[in-house]
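Asks: Sharing coords21.cif here; it has mmCIF, C-alpha atoms.
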data_model
#
loop_
_atom_site.label_atom_id
_atom_site.label_comp_id
_atom_site.auth_asym_id
_atom_site.auth_seq_id
_atom_site.Cartn_x
_atom_site.Cartn_y
_atom_site.Cartn_z
CA MET A 1 -5.53 -17.60 69.79
CA LYS A 2 -2.48 -18.63 71.70
CA LEU A 3 -2.50 -18.20 75.47
CA ASN A 4 0.79 -16.27 75.45
CA LEU A 5 -0.68 -13.79 72.94
CA LEU A 6 -3.67 -13.28 75.25
CA SER A 7 -1.36 -12.80 78.27
CA THR A 8 0.74 -10.22 76.42
CA LEU A 9 -2.41 -8.41 75.30
CA ASN A 10 -3.75 -8.28 78.85
CA ALA A 11 -0.41 -6.96 80.12
CA GLU A 12 -0.49 -4.17 77.51
CA ARG A 13 -4.04 -3.27 78.46
CA ALA A 14 -3.22 -3.25 82.16
CA ALA A 15 -0.40 -0.79 81.39
CA ARG A 16 -2.83 1.44 79.43
CA ARG A 17 -1.04 0.84 76.12
CA ALA A 18 -2.97 0.33 72.88
CA ALA A 19 -2.54 -2.87 70.82
CA ILE A 20 -4.11 -4.62 67.83
CA VAL A 21 -4.71 -8.35 67.35
CA ILE A 22 -4.63 -9.45 63.70
CA THR A 23 -6.53 -12.67 63.04
CA ASN A 24 -6.54 -14.45 59.69
CA VAL A 25 -10.09 -15.76 59.71
CA ALA A 26 -9.35 -18.50 57.15
CA SER A 27 -6.27 -20.00 58.78
CA GLY A 28 -7.10 -19.05 62.37
CA LYS A 29 -3.59 -17.70 62.86
CA SER A 30 -3.30 -14.55 64.95
CA ARG A 31 -0.60 -12.15 66.03
CA LEU A 32 -0.37 -9.10 68.30
CA VAL A 33 1.03 -5.73 67.30
CA LYS A 34 1.77 -3.32 70.16
CA ALA A 35 1.09 0.37 69.48
CA ALA A 36 4.84 1.07 69.74
CA ASP A 37 5.58 -1.47 66.98
CA VAL A 38 2.94 -0.35 64.47
CA ALA A 39 5.36 1.88 62.52
CA LYS A 40 7.58 -1.05 61.57
CA ASP A 41 4.77 -3.49 60.71
CA PRO A 42 4.03 -4.44 57.07
CA LEU A 43 0.38 -3.43 57.65
CA ARG A 44 1.39 -0.13 59.27
CA ALA A 45 -0.86 2.14 57.19
CA ILE A 46 -4.08 0.37 58.08
CA LEU A 47 -2.95 -0.36 61.66
CA ALA A 48 -2.16 3.31 62.29
CA GLU A 49 -5.57 4.30 60.91
CA ARG A 50 -7.32 1.72 63.13
CA LEU A 51 -5.40 2.88 66.17
CA ARG A 52 -6.46 6.45 65.47
CA THR A 53 -10.16 5.64 65.11
CA GLY A 54 -10.22 2.81 67.67
CA LYS A 55 -12.50 0.78 65.42
CA SER A 56 -12.14 -2.97 65.08
CA GLY A 57 -13.07 -4.58 61.77
CA MET A 58 -12.24 -6.70 58.73
CA ALA A 59 -9.43 -5.70 56.38
CA ASP A 60 -7.52 -7.06 53.39
CA SER A 61 -3.91 -8.13 53.82
CA PRO A 62 -1.43 -9.84 51.49
CA ASP A 63 -2.24 -13.09 53.32
CA GLY A 64 -6.00 -12.76 52.85
CA ARG A 65 -8.88 -11.35 54.86
CA VAL A 66 -7.98 -10.49 58.43
CA PHE A 67 -9.91 -9.27 61.42
CA LEU A 68 -8.31 -6.45 63.36
CA THR A 69 -9.32 -6.22 67.01
CA VAL A 70 -8.29 -2.82 68.25
CA TYR A 71 -7.69 -2.41 71.95
CA VAL A 72 -7.31 1.12 73.28
CA PRO A 73 -7.25 2.05 76.96
CA ALA A 74 -10.48 2.77 78.81
CA PRO A 75 -10.84 6.51 79.32
CA GLN A 76 -10.04 7.94 82.71
CA LEU A 77 -11.29 11.11 84.35
CA VAL A 78 -8.98 12.90 86.78
CA ILE A 79 -10.36 15.76 88.86
CA THR A 80 -8.57 18.15 91.21
CA GLY A 81 -10.94 19.28 93.91
CA ALA A 82 -13.11 17.15 96.14
CA VAL A 83 -15.80 19.81 95.84
CA HIS A 84 -19.57 19.93 95.34
CA ILE A 85 -19.36 19.67 91.54
CA SER A 86 -17.15 16.60 91.88
CA GLN A 87 -19.79 14.86 93.98
CA THR A 88 -21.97 14.73 90.87
CA LEU A 89 -19.23 14.67 88.23
CA ALA A 90 -17.55 11.57 89.67
CA PRO A 91 -20.64 9.31 89.57
CA ILE A 92 -21.64 10.59 86.10
CA GLY A 93 -18.11 9.84 84.87
CA LYS A 94 -18.34 6.35 86.34
CA LEU A 95 -21.70 5.73 84.66
CA LEU A 96 -20.18 6.73 81.32
CA GLY A 97 -17.40 4.16 81.74
CA TYR A 98 -14.52 6.30 82.98
CA ASP A 99 -12.05 5.32 85.68
CA VAL A 100 -12.47 8.30 88.00
CA THR A 101 -9.84 9.71 90.37
CA ILE A 102 -10.16 12.79 92.58
CA VAL A 103 -7.07 14.56 93.88
CA ASP A 104 -7.30 17.08 96.72
CA PRO A 105 -4.62 17.69 99.35
CA ARG A 106 -7.14 19.40 101.66
CA THR A 107 -8.01 16.37 103.72
CA ALA A 108 -11.20 17.90 105.11
CA PHE A 109 -12.57 17.93 101.56
CA ALA A 110 -11.23 14.65 100.27
CA SER A 111 -13.12 12.33 102.55
CA ILE A 112 -14.03 8.88 101.36
CA GLU A 113 -17.58 9.19 102.73
CA ARG A 114 -18.34 12.02 100.33
CA PHE A 115 -17.05 9.99 97.39
CA PRO A 116 -18.06 6.36 97.65
CA ASP A 117 -16.82 4.09 94.83
CA VAL A 118 -14.26 6.61 93.54
CA LYS A 119 -10.51 6.73 94.08
CA VAL A 120 -9.72 9.77 96.24
CA ILE A 121 -6.11 10.83 96.79
CA ALA A 122 -5.45 13.36 99.57
CA GLU A 123 -2.08 14.52 98.24
CA TRP A 124 -0.68 17.46 96.31
CA PRO A 125 -0.77 17.06 92.52
CA ASP A 126 3.02 16.72 92.19
CA LYS A 127 2.81 13.57 94.28
CA ALA A 128 -0.64 12.28 93.31
CA LEU A 129 -0.65 12.71 89.53
CA PRO A 130 2.50 11.01 88.15
CA PRO A 131 1.50 7.48 89.29
CA LEU A 132 -1.91 7.81 87.60
CA GLY A 133 -0.47 7.36 84.12
CA ILE A 134 -2.30 10.40 82.77
CA ASP A 135 -2.27 10.17 78.96
CA HIS A 136 -4.16 10.94 75.75
CA TYR A 137 -7.00 8.70 76.95
CA THR A 138 -7.52 10.93 79.99
CA ALA A 139 -9.89 13.83 80.61
CA PHE A 140 -8.59 16.27 83.22
CA VAL A 141 -10.75 18.73 85.14
CA ALA A 142 -9.46 21.37 87.60
CA LEU A 143 -12.12 22.43 90.10
CA THR A 144 -10.40 23.69 93.26
CA HIS A 145 -10.17 27.42 92.38
CA ASP A 146 -6.82 27.27 94.18
CA PRO A 147 -3.84 28.04 91.91
CA LYS A 148 -1.50 26.11 94.21
CA ILE A 149 -3.45 22.95 93.37
CA ASP A 150 -4.93 23.59 89.91
CA ASP A 151 -1.94 25.22 88.16
CA PRO A 152 0.61 22.40 88.59
CA ALA A 153 -2.10 19.87 87.75
CA LEU A 154 -3.02 21.72 84.54
CA THR A 155 0.65 21.87 83.55
CA HIS A 156 0.92 18.10 84.09
CA ALA A 157 -2.26 17.42 82.07
CA LEU A 158 -0.99 19.56 79.17
CA ALA A 159 2.38 17.81 79.17
CA ARG A 160 0.62 14.42 79.10
CA ASP A 161 -1.59 15.39 76.14
CA CYS A 162 -4.97 14.76 77.78
CA PHE A 163 -7.78 14.68 75.20
CA TYR A 164 -9.78 17.09 77.33
CA ILE A 165 -8.57 19.68 79.81
CA GLY A 166 -11.00 21.99 81.58
CA ALA A 167 -10.66 24.48 84.42
CA LEU A 168 -13.39 26.02 86.57
CA GLY A 169 -13.55 29.78 86.87
CA SER A 170 -15.06 32.89 85.33
CA LYS A 171 -13.46 34.63 82.35
CA LYS A 172 -11.73 36.96 84.81
CA THR A 173 -10.39 34.09 86.94
CA HIS A 174 -9.23 32.32 83.81
CA GLY A 175 -7.53 35.51 82.58
CA ARG A 176 -5.44 35.57 85.74
CA ARG A 177 -4.72 31.85 85.31
CA VAL A 178 -3.54 32.41 81.74
CA ALA A 179 -1.16 35.14 82.93
CA ARG A 180 0.30 32.84 85.61
CA LEU A 181 0.74 29.89 83.23
CA LYS A 182 2.43 32.14 80.65
CA GLU A 183 4.82 33.32 83.33
CA GLN A 184 5.68 29.68 83.96
CA GLY A 185 6.63 29.34 80.30
CA LEU A 186 3.57 27.62 78.80
CA SER A 187 2.86 28.49 75.16
CA ASP A 188 -0.30 30.16 73.90
CA ALA A 189 -1.12 27.00 71.95
CA ASP A 190 -0.94 24.93 75.14
CA ILE A 191 -3.03 27.37 77.12
CA ALA A 192 -5.62 27.51 74.33
CA ARG A 193 -6.27 23.80 74.91
CA ILE A 194 -7.77 24.51 78.34
CA HIS A 195 -11.56 24.68 78.19
CA ALA A 196 -12.53 27.71 80.29
CA PRO A 197 -15.05 28.73 81.34
CA ILE A 198 -15.61 25.02 81.73
CA GLY A 199 -18.56 23.03 80.35
CA LEU A 200 -21.06 23.33 77.52
CA ASP A 201 -23.16 26.46 77.78
CA ILE A 202 -26.47 25.03 79.00
CA GLY A 203 -27.11 27.76 81.54
CA ALA A 204 -26.03 25.51 84.40
CA VAL A 205 -26.49 27.06 87.86
CA SER A 206 -26.26 24.38 90.56
CA PRO A 207 -23.09 22.32 91.14
CA ALA A 208 -24.87 19.23 89.76
CA GLU A 209 -25.89 21.09 86.60
CA ILE A 210 -22.33 22.33 86.12
CA ALA A 211 -21.19 18.70 86.42
CA VAL A 212 -23.59 17.78 83.59
CA ALA A 213 -22.25 20.65 81.46
CA ILE A 214 -18.66 19.48 82.04
CA MET A 215 -19.41 15.85 81.27
CA ALA A 216 -21.28 16.86 78.10
CA GLU A 217 -18.27 18.87 76.96
CA ILE A 218 -15.93 15.95 77.66
CA THR A 219 -18.24 13.64 75.70
CA ALA A 220 -18.38 16.04 72.76
CA ARG A 221 -14.59 16.18 72.69
CA LEU A 222 -14.31 12.42 72.99
CA ARG A 223 -16.64 11.75 70.06
CA GLU A 224 -15.13 14.30 67.69
CA GLU A 225 -13.14 11.32 66.41
CA GLY A 226 -10.06 12.84 64.96
CA GLU A 227 -11.42 16.23 63.93
CA ALA A 228 -8.51 18.29 65.16
CA ASP A 229 -9.30 21.68 66.66
CA ALA A 230 -6.74 24.38 66.15
CA GLY A 231 -3.82 23.57 68.35
CA SER A 232 -5.16 20.37 69.84
CA ALA A 233 -4.51 16.75 69.13
CA PRO A 234 -7.23 14.53 67.64
CA ALA A 235 -9.65 13.11 70.15
CA PRO A 236 -8.65 9.60 71.14
CA ALA A 237 -10.39 6.50 70.06
CA ILE A 238 -12.26 4.90 72.90
CA ALA A 239 -12.98 1.25 73.28
CA ARG A 240 -16.54 1.10 72.00
CA ALA A 241 -16.98 -2.51 72.96
CA ALA A 242 -16.06 -1.81 76.55
CA SER A 243 -19.40 -0.87 78.03
CA MET B 1 -23.27 -3.17 84.73
CA LEU B 2 -21.87 -5.24 81.92
CA ALA B 3 -18.33 -6.46 82.30
CA THR B 4 -15.87 -4.56 80.16
CA ASN B 5 -13.89 -6.34 77.47
CA ASP B 6 -10.86 -6.06 79.77
CA ASP B 7 -12.56 -8.25 82.34
CA ILE B 8 -13.60 -10.75 79.68
CA LEU B 9 -10.10 -11.13 78.24
CA LYS B 10 -8.62 -11.36 81.72
CA ALA B 11 -11.15 -14.07 82.53
CA ALA B 12 -10.22 -15.93 79.33
CA GLU B 13 -6.56 -15.86 80.38
CA ASP B 14 -7.26 -16.84 83.98
CA TRP B 15 -9.64 -19.66 83.01
CA ARG B 16 -7.10 -21.13 80.57
CA LYS B 17 -4.24 -20.82 83.06
CA GLY B 18 -6.48 -22.55 85.59
CA GLY B 19 -6.62 -25.55 83.26
CA ARG B 20 -10.07 -25.01 81.74
CA ASP B 21 -10.77 -25.38 78.03
CA VAL B 22 -11.60 -21.94 76.68
CA ALA B 23 -13.04 -20.46 73.49
CA LEU B 24 -13.26 -16.79 72.61
CA ALA B 25 -16.07 -15.40 70.42
CA THR B 26 -15.68 -11.99 68.79
CA VAL B 27 -18.17 -9.91 66.78
CA VAL B 28 -16.27 -9.28 63.53
CA GLU B 29 -18.94 -7.74 61.28
CA THR B 30 -22.34 -6.16 61.75
CA TRP B 31 -25.01 -4.93 59.34
CA GLY B 32 -28.05 -2.88 60.24
CA SER B 33 -28.85 -2.22 63.87
CA ALA B 34 -26.63 -4.65 65.71
CA PRO B 35 -26.93 -4.82 69.48
CA ARG B 36 -23.20 -5.02 70.24
CA PRO B 37 -20.35 -3.36 68.34
CA VAL B 38 -17.63 -5.05 66.32
CA GLY B 39 -14.90 -6.25 68.67
CA SER B 40 -17.26 -7.33 71.48
CA ASN B 41 -16.17 -10.55 73.15
CA LEU B 42 -17.77 -13.57 74.77
CA VAL B 43 -15.60 -16.12 76.57
CA ILE B 44 -16.83 -19.68 76.98
CA ASP B 45 -15.37 -22.61 78.93
CA GLY B 46 -15.63 -26.33 78.22
CA GLU B 47 -18.63 -26.68 80.52
CA GLY B 48 -20.65 -23.97 78.85
CA ASN B 49 -19.97 -21.24 81.42
CA PHE B 50 -19.65 -17.88 79.72
CA LEU B 51 -18.91 -14.21 80.35
CA GLY B 52 -19.47 -11.19 78.15
CA SER B 53 -21.85 -10.60 75.28
CA VAL B 54 -21.95 -10.60 71.49
CA SER B 55 -25.61 -9.68 71.01
CA GLY B 56 -27.12 -8.55 74.28
CA GLY B 57 -28.65 -11.97 74.88
CA CYS B 58 -30.27 -12.91 71.53
CA VAL B 59 -27.82 -15.49 70.21
CA GLU B 60 -25.46 -16.22 73.11
CA GLY B 61 -26.97 -19.68 73.60
CA ALA B 62 -26.19 -20.69 70.01
CA VAL B 63 -22.68 -19.21 70.21
CA VAL B 64 -21.97 -21.18 73.38
CA THR B 65 -23.11 -24.41 71.69
CA GLU B 66 -20.86 -23.75 68.68
CA ALA B 67 -17.99 -22.78 71.01
CA LEU B 68 -18.13 -26.23 72.63
CA ASP B 69 -17.60 -27.70 69.13
CA VAL B 70 -14.67 -25.38 68.54
CA ILE B 71 -13.15 -26.44 71.87
CA ASP B 72 -13.48 -30.10 70.83
CA SER B 73 -12.13 -29.71 67.30
CA GLY B 74 -9.66 -26.88 67.80
CA GLN B 75 -10.90 -25.45 64.47
CA PRO B 76 -12.16 -21.85 64.43
CA LYS B 77 -15.65 -21.11 63.09
CA MET B 78 -17.38 -18.13 61.53
CA LEU B 79 -21.02 -17.86 62.57
CA GLU B 80 -23.66 -15.62 61.09
CA PHE B 81 -26.92 -14.57 62.69
CA GLY B 82 -29.63 -12.63 60.90
CA VAL B 83 -33.08 -11.42 61.63
CA ALA B 84 -35.27 -13.78 63.64
CA ASP B 85 -37.31 -16.05 61.38
CA GLU B 86 -40.41 -17.16 63.24
CA THR B 87 -41.10 -20.01 60.82
CA ALA B 88 -37.78 -21.67 61.51
CA TRP B 89 -36.47 -23.07 64.73
CA LYS B 90 -33.40 -20.94 64.58
CA VAL B 91 -32.16 -18.15 66.79
CA GLY B 92 -32.00 -14.70 65.35
CA LEU B 93 -31.71 -11.05 66.20
CA SER B 94 -35.00 -9.33 66.97
CA CYS B 95 -33.47 -5.93 66.20
CA GLY B 96 -33.33 -6.69 62.47
CA GLY B 97 -29.59 -6.60 62.13
CA THR B 98 -27.09 -9.24 61.04
CA ILE B 99 -23.89 -10.12 62.87
CA ARG B 100 -20.94 -12.34 62.09
CA VAL B 101 -19.16 -13.92 65.03
CA TYR B 102 -15.72 -15.55 64.93
CA VAL B 103 -15.17 -18.32 67.46
CA GLU B 104 -11.68 -19.61 68.25
CA LYS B 105 -10.08 -21.81 70.87
CA VAL B 106 -7.55 -20.36 73.33
CA GLU B 107 -4.61 -22.73 73.16
#
Can you give me the file's structure in the form of structure tokens?
Replies:
Amino acid sequence: MKLNLLSTLNAERAARRAAIVITNVASGKSRLVKAADVAKDPLRAILAERLRTGKSGMADSPDGRVFLTVYVPAPQLVITGAVHISQTLAPIGKLLGYDVTIVDPRTAFASIERFPDVKVIAEWPDKALPPLGIDHYTAFVALTHDPKIDDPALTHALARDCFYIGALGSKKTHGRRVARLKEQGLSDADIARIHAPIGLDIGAVSPAEIAVAIMAEITARLREEGEADAGSAPAPAIARAAS
Amino acid sequence: MLATNDDILKAAEDWRKGGRDVALATVVETWGSAPRPVGSNLVIDGEGNFLGSVSGGCVEGAVVTEALDVIDSGQPKMLEFGVADETAWKVGLSCGGTIRVYVEKVE
């Protein structure tokens, strides 16, 4: 592998963009295909499939056997609400390999001491979220109960095609949320992508248990591997080697 | 916590830019219960320092030895490790799986 190929690959990964390295195992020659260039590559069919599943592996090409190393971004977990549930959800997310960020403009809540080892941003979502590069490799969870914080964040997460979007609140609370989001012009298909009430139904009662239910639901969504639900994009491929 | 593949590839780049000889080992095929998935990386420098994992510790020593050869010759190698054979003085995987590891020099 050439050093400049490795440097380009690392730059793509740092920017949270997927890429595939194609190595001819007989000749030792390798080349990099960025996700954006897959459509115009001679191997586009197999590359697109690999990008979708995130699986590295051997493949046949006109030039012989090649190894495809698929690099997709590490998943990130973005939470609005530096609340009790987040105090458990953030460390669980970290343990499962997510880059975790908590956004809460209420500075009394968003204290660093309550969230060691996690990025906490004490800003409103309109300021805090755009720089995070929220994308299809992101799970988004709204936990503040405050429409001023959760609604704009949910709208951002939907626009960025997060693989999982969940919002805390009872059926009644969510009903009011749906009405508000519709008023703001969101489609039924978009709104249907929000998991609410949030979390797998495991009878969770305490904040920590609810965190487990949420993380289990995120994991289930993550591992669906391309089985598209009605109205939602396929779950993203996650770097299996990155653990 | 194990380093992620990002860290390993960044280390490979940084080590090479720092003037060290570097080889990169990648798990390219697995059969049976393999300890690390296809695509896992191990980076090795010319003095035998390494970072990452291709088998969770079973065959890293052998991969590092082969990597030093690859650094010397510049020629990539395909290595295969199968189930541990107690009658032979060879390394193997105690989990019963087989893995194939591609080792190349970073130039």
Asks: What are the residues of chain B that have an atom within 9 Å of an atom of chain A, counting all atoms listed in the file, as a PyMOL selection string?
Replies: chain B and resi 1-6+9-10+12-13+16-17+23-24+26-29+36-41+75-78+102+104-107
Asks: Nearest to Ile8 (chain B) among B:Gly82, B:Gly52, B:Gly57, B:Gly74, with distances taken over only C-alpha atoms: which residue is it?
Replies: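 Comparing B:Gly82, B:Gly52, B:Gly57, B:Gly74 against Ile8 (chain B), the winner is B:Gly52.
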Asks: Give me, please, the distance in Å between CA of Asp151 (chain A) and CA of Leu89 (chain A), quoted to one decimal.
Replies: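 We find that CA of Asp151 (chain A) and CA of Leu89 (chain A) lie 20.3 Å from each other.
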Asks: So how many Å separate CA of Leu132 (chain A) and CA of Asp104 (chain A), to one decimal?
Replies: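 These two atoms are separated by 14.1 Å.
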Asks: Given the point (-18.7, -23.8, 82.3) in the file's coordinates, find the residues that have an atom at most 12 Å from it, counting all atoms listed in the file, and give them as a compact mmCIF listing (two decimals) with C-alpha atoms, keeping the file's coordinate frame.
Replies:
# COMPACT_ATOMS: atom_id res chain seq x y z
CA ALA B 12 -10.22 -15.93 79.33
CA TRP B 15 -9.64 -19.66 83.01
CA ARG B 20 -10.07 -25.01 81.74
CA ASP B 21 -10.77 -25.38 78.03
CA VAL B 22 -11.60 -21.94 76.68
CA ALA B 23 -13.04 -20.46 73.49
CA VAL B 43 -15.60 -16.12 76.57
CA ILE B 44 -16.83 -19.68 76.98
CA ASP B 45 -15.37 -22.61 78.93
CA GLY B 46 -15.63 -26.33 78.22
CA GLU B 47 -18.63 -26.68 80.52
CA GLY B 48 -20.65 -23.97 78.85
CA ASN B 49 -19.97 -21.24 81.42
CA PHE B 50 -19.65 -17.88 79.72
CA LEU B 51 -18.91 -14.21 80.35
CA VAL B 64 -21.97 -21.18 73.38
CA THR B 65 -23.11 -24.41 71.69
CA ALA B 67 -17.99 -22.78 71.01
CA LEU B 68 -18.13 -26.23 72.63
Asks: Provide the CA of Thr88 (chain A) to CA of Ala15 (chain A) distance in Å, to one decimal place.
Replies: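 Result for CA of Thr88 (chain A) versus CA of Ala15 (chain A): 28.2 Å, one decimal.
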Asks: Just checking: using all atoms listed in the file, which residue out of A:Thr107, A:Leu43, A:Leu143, A:Ala122 ends up closest to Gly81 (chain A)?
Replies: A:Leu143
Asks: Nearest to His84 (chain A) among A:Cys162, A:Ile46, A:Ala196, A:Ala211, with distances taken over only C-alpha atoms: which residue is it?
Replies: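 Closest to His84 (chain A), using only C-alpha atoms: A:Ala211.
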Asks: Which of these residues is nearest to Asp146 (chain A), using only C-alpha atoms: A:Arg31, A:Lys119, A:Arg52, A:Arg177?
Replies: A:Arg177
Asks: Tell me which of A:Ala35, A:Val103, A:Thr173, A:Ile121 sits closest to Glu49 (chain A), counting all atoms listed in the file.
Replies: A:Ala35
Asks: Which residues fall under the PyMOL selection byres ((chain A and resi 154) around 9) in this file, as a VMD selection string?
Replies: chain A and resid 140 to 142 149 to 153 155 to 159 165 to 167 194
Asks: Filtering to C-alpha atoms, could you give me those residues as a PDB file, keeping the file's coordinate frame?
Replies:
ATOM      1  CA  PHE A 140      -8.590  16.270  83.220  1.00  0.00           C
ATOM      2  CA  VAL A 141     -10.750  18.730  85.140  1.00  0.00           C
ATOM      3  CA  ALA A 142      -9.460  21.370  87.600  1.00  0.00           C
ATOM      4  CA  ILE A 149      -3.450  22.950  93.370  1.00  0.00           C
ATOM      5  CA  ASP A 150      -4.930  23.590  89.910  1.00  0.00           C
ATOM      6  CA  ASP A 151      -1.940  25.220  88.160  1.00  0.00           C
ATOM      7  CA  PRO A 152       0.610  22.400  88.590  1.00  0.00           C
ATOM      8  CA  ALA A 153      -2.100  19.870  87.750  1.00  0.00           C
ATOM      9  CA  THR A 155       0.650  21.870  83.550  1.00  0.00           C
ATOM     10  CA  HIS A 156       0.920  18.100  84.090  1.00  0.00           C
ATOM     11  CA  ALA A 157      -2.260  17.420  82.070  1.00  0.00           C
ATOM     12  CA  LEU A 158      -0.990  19.560  79.170  1.00  0.00           C
ATOM     13  CA  ALA A 159       2.380  17.810  79.170  1.00  0.00           C
ATOM     14  CA  ILE A 165      -8.570  19.680  79.810  1.00  0.00           C
ATOM     15  CA  GLY A 166     -11.000  21.990  81.580  1.00  0.00           C
ATOM     16  CA  ALA A 167     -10.660  24.480  84.420  1.00  0.00           C
ATOM     17  CA  ILE A 194      -7.770  24.510  78.340  1.00  0.00           C
TER      18      ILE A 194
END
Asks: Pull out every residue that the PyMOL selection byres ((chain A and resi 100) around 10) matches in the shown coordinates and put them as a PyMOL selection string.
Replies: chain A and resi 75-79+89-94+97-99+101-102+117-120+138-139
Asks: Restricting the calculation to only C-alpha atoms, which member of A:Val178, A:Ala36, A:Val72, A:Ile20 is positioned closest to Asp190 (chain A)?
Replies: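 Of A:Val178, A:Ala36, A:Val72, A:Ile20, the one nearest Asp190 (chain A), counting only C-alpha atoms, is A:Val178.
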Asks: Which residues come within 8 Å of Val38 (chain A), counting all atoms listed in the file, excluding same-chain residues fewer than 6 positions away, as a list in words?
Replies: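 So the residues in contact are Arg44, Leu47 and Ala48 of chain A.
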Asks: As a check of understanding, name the residues that the PyMOL selection byres ((chain B and resi 30) around 7) selects in the supplied structure, as a ChimeraX atom specification.
Replies: /B:29,31-32,34,38,98-100
